[in-house]
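Novice: Questions regarding the structure given below will be posed in turn.
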Amino acid sequence: MNRKSGLLGFLLFLCSISGAALAAAPDPPPIDAKSYALLDFQSGELIASLNPDMHVEPASITKVMSVYVAFDMIKQGRLKLTDTALISEKAWGEGKDSSESRMFVSLGSRVSIEDLLRGIIIVSGNDASVALAEHIAGSEDAFAQIMNQYAKKLGLNNTHFMDASGMPNPEHYSSARDLVTLASDLIRNFPEDYRYFSEREFKYGIAKPQQNRNGLLEKDPSVDGIKTGHTDAAGYCLLASAKRDGRRLISVVMGGKSWAYREQASLELLNYGFRNFDTASVLGPAAPVQNMRVYKGAEREVGIGTLEPVYLSLPGGEKNQLQVQPQITGKLIAPLTAGQQVGQAAVLVEGKPLKTVPLVVLKDVPSGGFWHRLFDQIRLWLGM
């Protein structure tokens, strides 16, 4: 078997044995919950999970999507932090006679969007969630439709919303995988706005300051978000994110037995991921897999690789064993455009296939002059 055909067969076999290199990692800690997930932010890979696609009630973690919608509308220029929302009787009365979380807005007052966002993120105010929903969409029902549109766009296939706060409803559900995916998109798409999730307290009006309901912010300085949730049906839930030594992990624990246990379990998952896995980077524009001869081009060679680094989650110590085996589909003939796919590469760890990635041209290569093109055409005819 020649090298080319061997590599082709090798690539076809990748799907059936991908993940084999992860077998060296120890088992995750036992977590007493309905489901959980631990995501490597840079690679996008789940490195630990239990029932990650099972439908669960997200409770107030729902509000992460409410905030996501607002952040996106601000980014588009359709909403401003300084805009003010009129507090309706529905928003004002949300949770007034129950144990639901509240920001304590006043009936008929006008509240800035920034204050509402803080009231949602920091103190999990249901009143703030309804006020924001009504301001953006006219009604909470209409806002839930927008939330579902965003869920579909983000590929949250096991998620459906009925309101902006996360009240119990059989048609209101999500999954552990969807929630860590939503959190990852939130952090990636709105890095400046994400800062609100790490604020420790919020004071509005004459009410006393309320503490952030995410107790992990006090327990671990690497934690900078994200959101708690609880109803009798959902149990105690926590979506958390932490960043250590340039690496970010996102965890979610759904259906814990107490507020203290959801924090304990989340820390166990985060510590497990940081201690036992590395985030490795390969390729990228600064690390071409190779330089290739270009025919008929204004330049003789061009780098081949990926326009962005490729990240992988690996058991500790294995990132030094990474190898990249490229396969180029044919000769490169100008003009070429940056990002144009010209092959693929197998990423291996200790000889075991882990992932395949497309290889592209890293920069534009325009056509060369007439005589250069002519001579290169002759070389192509002669197989040179």
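Numbering starts fresh at 1 for the residues of each chain in the structure tokens, the chains themselves are lettered A, B, ... in the order given, and ligands are numbered from 1 as they appear.
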Got a sec: who's within 6 Å of segment 228-234 of chain A, counting only C-alpha atoms, leaving out chain neighbours fewer than 5 positions off, as a PyMOL selection string?

Specialist: chain A and resi 57+59-61+214+255

Novice: Could you save the residues just selected, with C-alpha atoms, as a short mmCIF file (atom, residue, chain, number, x, y, z; two decimals), in the first residue's frame?

Specialist:
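Once everything was written out, this is result20.cif:
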data_model
loop_
_atom_site.label_atom_id
_atom_site.label_comp_id
_atom_site.auth_asym_id
_atom_site.auth_seq_id
_atom_site.Cartn_x
_atom_site.Cartn_y
_atom_site.Cartn_z
CA GLU A 57 -36.19 22.20 33.26
CA ALA A 59 -35.46 27.21 35.69
CA SER A 60 -33.75 30.63 35.91
CA ILE A 61 -30.85 29.56 33.68
CA ASN A 214 -23.86 32.40 42.06
CA GLY A 255 -31.22 18.88 39.21
#

Novice: Within 8 Å of segment 267-273 of chain A, counting only C-alpha atoms, which residues qualify if same-chain residues fewer than 6 places away don't, as a PyMOL selection string?

Specialist: chain A and resi 28-29+38+47+216+242+249-251

Novice: Any idea what's packed within 9 Å of Asp53 of chain A, counting only C-alpha atoms, ignoring anything in its chain fewer than 3 positions away? Could you give it as a list of chain:residue names?

Specialist: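 Near neighbours after the sequence-gap exclusion: A:Ser35, A:Leu50, A:Val56, A:Asn157, A:Asn158, A:Ser174, A:Ser175, A:Ala176, A:Arg177, A:Asp178.
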
Novice: So, with only C-alpha atoms as the atoms that count, which of A:Leu283, A:Leu81, A:Val253, A:Ile226 lies closest to Leu186 of chain A?

Specialist: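 Of all the options, A:Ile226 lies closest to Leu186 of chain A.
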
Novice: Could you pull out the helix (DSSP H, G or I) residues of segment 130-373 of chain A from DSSP and send them as a PyMOL selection string?

Specialist: chain A and resi 130-137+140-153+176-189+193-198+216-219+259-276+319-321+370-373

Novice: List the neighbours of Gly297 of chain A out to 8 Å using only C-alpha atoms; skip same-chain residues closer than 6 positions along the sequence, and give me the result as a list in words.

Specialist: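 Returned residues: Ile333, Ala334, Pro335, Val365, Pro366, Ser367, Gly368, Gly369, His372 and Arg373 of chain A.
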
Novice: For the residues in the current selection, export C-alpha atoms as a compact mmCIF listing (two decimals), in the first residue's frame.

Specialist:
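Saved as out-v3.txt:
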# COMPACT_ATOMS: atom_id res chain seq x y z
CA ILE A 333 -2.79 26.73 -9.79
CA ALA A 334 -3.28 30.48 -9.43
CA PRO A 335 -5.34 32.50 -8.90
CA VAL A 365 -2.12 34.42 -4.75
CA PRO A 366 -3.04 36.34 -7.93
CA SER A 367 -2.11 35.18 -11.40
CA GLY A 368 1.43 35.84 -12.57
CA GLY A 369 2.52 37.53 -15.79
CA HIS A 372 5.32 33.02 -16.22
CA ARG A 373 1.92 31.46 -16.83

Novice: Considering only C-alpha atoms, can you say which of A:Ala133, A:Leu348, A:Ala48, A:Leu182 comes closest to Met162 of chain A?

Specialist: A:Ala133
